[in-house]
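**Q** What follows is a single structure, and I will ask about it in a moment.
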Amino acid sequence: MPSVRCLARCTVPVALAALLLPMAAAARLRVGISGSEPFLVEQPGGIGGISADVWREVASEQELAFELIPQDNTQANLDAVARGDLDLAIGPISITPERLAQADIEFTQPYFVGRIGVLLPLRDAGLWSRIRPFFGMAALSSVGVLLLALFVVGNLIWLAERRRNPEQFPRAYLHGVGNGMWFAIVTLTTVGYGDRSPVTRSGRVITGVWMIITLLAVSSITAGLASAFTVSLAQVPAGGIRDVEDLRQRPVAVVRGTTSEKWGRRSGARLSAQPSLEAAVNQLAVGEVDAVIYDAPALRYHLRTNPDLPMRVARFSLAQETYGFVFPTGSPLERPLDVSLLRLSRSGRIKAIQHSWLD
């Protein structure tokens, strides 16, 4: 067995070498792996991916021998570490308050920051999804303000014109105000039929002010209508899912044993737990669910490797998460792993690994 001085000179500082000596004499580390692409990717030469490549960099720097042991899912991986069946768990394992509260496992510092994404189909939306923007709060409130303004101007024109111009603006309230509102609409749209016009000084002042206001407001009204038309005619996801609130009570697929289950429950969706991301995506492809909740990097990677899938990752996300390696509480691996991860992060090596799989 090499001396502490030799081990420190060749691999790590003296303080860390003392921690690694017991492991040097032990058998190879039992490393559990669980998760999906791009964190763990099956290749002809073995397992690759972001998590696997980062772990190999750490193990190489610390001169740690290991064997990779596949686990059914993330929860099974964590349970095996807690029981002492594994020395380490790697994969897209989210660092959550619930997991940190467990007394028998601990996390390294994060090596990846990601988001919980939503995968949606790209089938054409139905009629309601296309016309729904016209019934949204923004559109309805704009129409309400416009009608109120026309009513106010119609009343003012009628009050100013009813005595000297009763032919065009009759003294009867409903008839007179109706003609006033018609005059306001014609003025607003700059059509200018000329069938009605004010003759009093007050009526002309009111009309002039209304013309100036409409010149300033017509651009906003036009922009709002154009935006509504763009949204309604654009290709939108089936079911009209545009934000987190739209997931409520919708059938949504998640991957069993991952944090996607937790975020799916918090969104209020009706969950369908699947054993893998592929199974969840298949459910979405056949229309059994309206969306898939999972790690956004994994969803993007899946679409990149399956470009024919008529799906996309939603622009919104459910949460931000950090990923780390997991080891039993009190393990001598804690400090060496954190030191290596920090060194690899500061050198840019971890970011280079991420880019090689995601870009």
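How things are named: the first chain in the structure tokens is A, the next is B, and so on; residues count from 1 in each chain; ligands count from 1 in the order shown.
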Do a neighbour search on Leu159 in chain A at 9 Å with only C-alpha atoms, toss out local chain neighbours closer than 4 positions, and write the hits as an MDAnalysis selection string.
**A** chainID A and resid 154:155 163 169 171 176:177 203
**Q** Residues within 9 Å of range 266-273 of chain A, please, as an mmCIF file with N, CA and C atoms, in the first residue's frame. Count only C-alpha atoms; anything in the same chain fewer than 2 positions from it doesn't count.
**A**
data_model
loop_
_atom_site.group_PDB
_atom_site.id
_atom_site.type_symbol
_atom_site.label_atom_id
_atom_site.label_comp_id
_atom_site.auth_asym_id
_atom_site.auth_seq_id
_atom_site.Cartn_x
_atom_site.Cartn_y
_atom_site.Cartn_z
ATOM 1 N N VAL A 244 -48.979 26.813 -16.163
ATOM 2 C CA VAL A 244 -49.121 25.779 -15.140
ATOM 3 C C VAL A 244 -50.580 25.578 -14.765
ATOM 4 N N GLU A 245 -51.361 26.652 -14.725
ATOM 5 C CA GLU A 245 -52.764 26.542 -14.339
ATOM 6 C C GLU A 245 -53.557 25.655 -15.287
ATOM 7 N N ASP A 246 -53.145 25.605 -16.555
ATOM 8 C CA ASP A 246 -53.877 24.791 -17.528
ATOM 9 C C ASP A 246 -53.678 23.295 -17.305
ATOM 10 N N LEU A 247 -52.728 22.915 -16.450
ATOM 11 C CA LEU A 247 -52.498 21.492 -16.165
ATOM 12 C C LEU A 247 -53.505 20.929 -15.159
ATOM 13 N N ARG A 248 -54.195 21.797 -14.462
ATOM 14 C CA ARG A 248 -55.105 21.342 -13.411
ATOM 15 C C ARG A 248 -56.194 20.440 -13.986
ATOM 16 N N GLN A 249 -56.312 19.267 -13.344
ATOM 17 C CA GLN A 249 -57.315 18.256 -13.708
ATOM 18 C C GLN A 249 -57.092 17.663 -15.099
ATOM 19 N N ARG A 250 -55.940 17.906 -15.694
ATOM 20 C CA ARG A 250 -55.625 17.283 -16.979
ATOM 21 C C ARG A 250 -54.894 15.957 -16.758
ATOM 22 N N PRO A 251 -55.091 14.970 -17.632
ATOM 23 C CA PRO A 251 -54.294 13.740 -17.539
ATOM 24 C C PRO A 251 -52.855 14.014 -17.977
ATOM 25 N N VAL A 252 -51.923 13.763 -17.082
ATOM 26 C CA VAL A 252 -50.509 14.072 -17.332
ATOM 27 C C VAL A 252 -49.664 12.869 -16.943
ATOM 28 N N ALA A 253 -48.687 12.514 -17.765
ATOM 29 C CA ALA A 253 -47.782 11.402 -17.480
ATOM 30 C C ALA A 253 -46.538 11.905 -16.761
ATOM 31 N N VAL A 254 -46.081 11.142 -15.770
ATOM 32 C CA VAL A 254 -44.842 11.420 -15.050
ATOM 33 C C VAL A 254 -44.049 10.122 -14.957
ATOM 34 N N VAL A 255 -42.799 10.220 -14.528
ATOM 35 C CA VAL A 255 -41.957 9.034 -14.384
ATOM 36 C C VAL A 255 -41.943 8.631 -12.915
ATOM 37 N N ARG A 256 -42.323 7.411 -12.660
ATOM 38 C CA ARG A 256 -42.444 6.907 -11.298
ATOM 39 C C ARG A 256 -41.090 6.958 -10.575
ATOM 40 N N GLY A 257 -41.123 7.387 -9.299
ATOM 41 C CA GLY A 257 -39.923 7.415 -8.477
ATOM 42 C C GLY A 257 -39.061 8.642 -8.669
ATOM 43 N N GLU A 261 -43.247 13.363 -10.133
ATOM 44 C CA GLU A 261 -44.496 13.013 -9.453
ATOM 45 C C GLU A 261 -44.917 14.120 -8.492
ATOM 46 N N LYS A 262 -43.952 14.629 -7.736
ATOM 47 C CA LYS A 262 -44.273 15.681 -6.770
ATOM 48 C C LYS A 262 -44.782 16.937 -7.476
ATOM 49 N N TRP A 263 -44.092 17.363 -8.512
ATOM 50 C CA TRP A 263 -44.504 18.584 -9.196
ATOM 51 C C TRP A 263 -45.800 18.369 -9.964
ATOM 52 N N GLY A 264 -46.037 17.138 -10.418
ATOM 53 C CA GLY A 264 -47.314 16.840 -11.058
ATOM 54 C C GLY A 264 -48.472 16.968 -10.094
ATOM 55 N N PRO A 275 -43.040 3.808 -15.872
ATOM 56 C CA PRO A 275 -41.725 3.339 -15.416
ATOM 57 C C PRO A 275 -40.554 4.061 -16.060
ATOM 58 N N SER A 276 -40.760 4.742 -17.181
ATOM 59 C CA SER A 276 -39.658 5.403 -17.884
ATOM 60 C C SER A 276 -40.187 6.594 -18.667
ATOM 61 N N ALA A 280 -43.793 7.304 -20.858
ATOM 62 C CA ALA A 280 -44.600 8.511 -20.681
ATOM 63 C C ALA A 280 -44.813 9.218 -22.019
ATOM 64 N N VAL A 289 -52.670 10.982 -22.609
ATOM 65 C CA VAL A 289 -52.450 12.099 -21.682
ATOM 66 C C VAL A 289 -52.277 13.369 -22.503
ATOM 67 N N LEU A 318 -42.049 24.235 -14.250
ATOM 68 C CA LEU A 318 -42.718 24.095 -12.961
ATOM 69 C C LEU A 318 -41.815 24.470 -11.797
#
**Q** Excluding range 141-151 of chain A and residues on its chain fewer than 6 positions from it, collect all residues at most 8 Å away from it, counting only C-alpha atoms, and give them as an NGL selection string.
**A** :A and (177 or 181 or 184-185 or 221)
**Q** Output N, CA, C and O atoms for every residue in the selection just made, as a PDB file, in the first residue's frame.
**A**
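As a result, selection-v4.pdb now contains:
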ATOM      1  N   VAL A 177     -79.417  59.011 -27.696  1.00  0.00           N
ATOM      2  CA  VAL A 177     -78.121  58.459 -27.277  1.00  0.00           C
ATOM      3  C   VAL A 177     -77.639  57.409 -28.275  1.00  0.00           C
ATOM      4  O   VAL A 177     -76.438  57.299 -28.555  1.00  0.00           O
ATOM      5  N   MET A 181     -74.063  57.492 -30.021  1.00  0.00           N
ATOM      6  CA  MET A 181     -73.087  56.398 -30.017  1.00  0.00           C
ATOM      7  C   MET A 181     -72.692  56.004 -31.444  1.00  0.00           C
ATOM      8  O   MET A 181     -71.527  55.687 -31.719  1.00  0.00           O
ATOM      9  N   ALA A 184     -70.227  58.442 -32.537  1.00  0.00           N
ATOM     10  CA  ALA A 184     -68.932  58.183 -31.905  1.00  0.00           C
ATOM     11  C   ALA A 184     -68.198  57.017 -32.576  1.00  0.00           C
ATOM     12  O   ALA A 184     -66.973  57.061 -32.760  1.00  0.00           O
ATOM     13  N   ILE A 185     -68.962  55.994 -32.965  1.00  0.00           N
ATOM     14  CA  ILE A 185     -68.340  54.845 -33.649  1.00  0.00           C
ATOM     15  C   ILE A 185     -67.805  55.266 -35.023  1.00  0.00           C
ATOM     16  O   ILE A 185     -66.688  54.899 -35.407  1.00  0.00           O
ATOM     17  N   ILE A 221     -55.722  49.651 -29.771  1.00  0.00           N
ATOM     18  CA  ILE A 221     -56.801  48.711 -30.085  1.00  0.00           C
ATOM     19  C   ILE A 221     -56.388  47.791 -31.227  1.00  0.00           C
ATOM     20  O   ILE A 221     -56.594  46.570 -31.196  1.00  0.00           O
TER      21      ILE A 221
END
**Q** DSSP says strand (DSSP E) for which residues of range 18-102 of chain A? Put them as a VMD selection string?
**A** chain A and resid 29 to 33 41 to 43 46 to 48 66 to 70 88 to 90
**Q** What's around Asp87 in chain A at 7 Å? Count only C-alpha atoms, leave out sequence neighbours fewer than 5 positions away in its own chain, and write the answer as a PyMOL selection string.
**A** chain A and resi 29-31+81+327-328
**Q** Only N, CA and C atoms, please: the residues just picked out, written as a short mmCIF file (atom, residue, chain, number, x, y, z; two decimals), in the first residue's frame.
**A**
data_model
loop_
_atom_site.label_atom_id
_atom_site.label_comp_id
_atom_site.auth_asym_id
_atom_site.auth_seq_id
_atom_site.Cartn_x
_atom_site.Cartn_y
_atom_site.Cartn_z
N LEU A 29 -15.90 0.55 -5.41
CA LEU A 29 -17.11 1.23 -4.95
C LEU A 29 -18.32 0.72 -5.72
N ARG A 30 -19.40 0.51 -5.01
CA ARG A 30 -20.66 0.10 -5.63
C ARG A 30 -21.46 1.37 -5.92
N VAL A 31 -21.56 1.71 -7.19
CA VAL A 31 -22.19 2.96 -7.61
C VAL A 31 -23.51 2.64 -8.32
N VAL A 81 -28.81 3.09 -1.19
CA VAL A 81 -27.74 3.81 -0.47
C VAL A 81 -28.06 3.87 1.01
N PHE A 327 -24.57 9.74 -1.09
CA PHE A 327 -23.75 8.75 -0.40
C PHE A 327 -24.30 8.56 1.01
N PRO A 328 -23.96 7.47 1.69
CA PRO A 328 -24.46 7.25 3.05
C PRO A 328 -23.92 8.29 4.02
#
**Q** DSSP on the backbone: which residues in range 68-305 of chain A end up as alpha helix (DSSP H)? Give the answer as a ChimeraX atom specification.
**A** /A:74-83,97-100,127-131,137-161,173-188,201-233,259-266,277-285,296-305
**Q** Could you name the residues that touch Gln168 in chain A at 9 Å or less, counting only C-alpha atoms, but leaving out those on the same chain fewer than 2 positions away, as a list in words?
**A**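 Final neighbour list, sorted by chain and number: Glu161, Arg162, Asn165, Pro166, Pro170, Gly176, Asn179, Gly180, Asp195, Arg196, Ser197 and Pro198 of chain A.
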**Q** Could you give me, as JSON, numbers by chain, the residues within 10 Å of Thr187 in chain A, counting only C-alpha atoms and dropping anything in the same chain fewer than 2 positions from it?
**A** {"A": [181, 182, 183, 184, 185, 189, 190, 191, 192, 193, 194, 197, 207, 208, 210, 211, 214]}
**Q** Given only C-alpha atoms as the basis, pick out the residue of A:Leu119, A:Asp359, A:Asp338, A:Tyr301 nearest to Asn282 in chain A.
**A**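 Counting only C-alpha atoms, the residue closest to Asn282 in chain A is A:Leu119.
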**Q** Would you compute the distance between CA of Leu344 in chain A and CA of Pro44 in chain A? Give it in Å to one decimal.
**A**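 CA of Pro44 in chain A lies 26.2 Å from CA of Leu344 in chain A.
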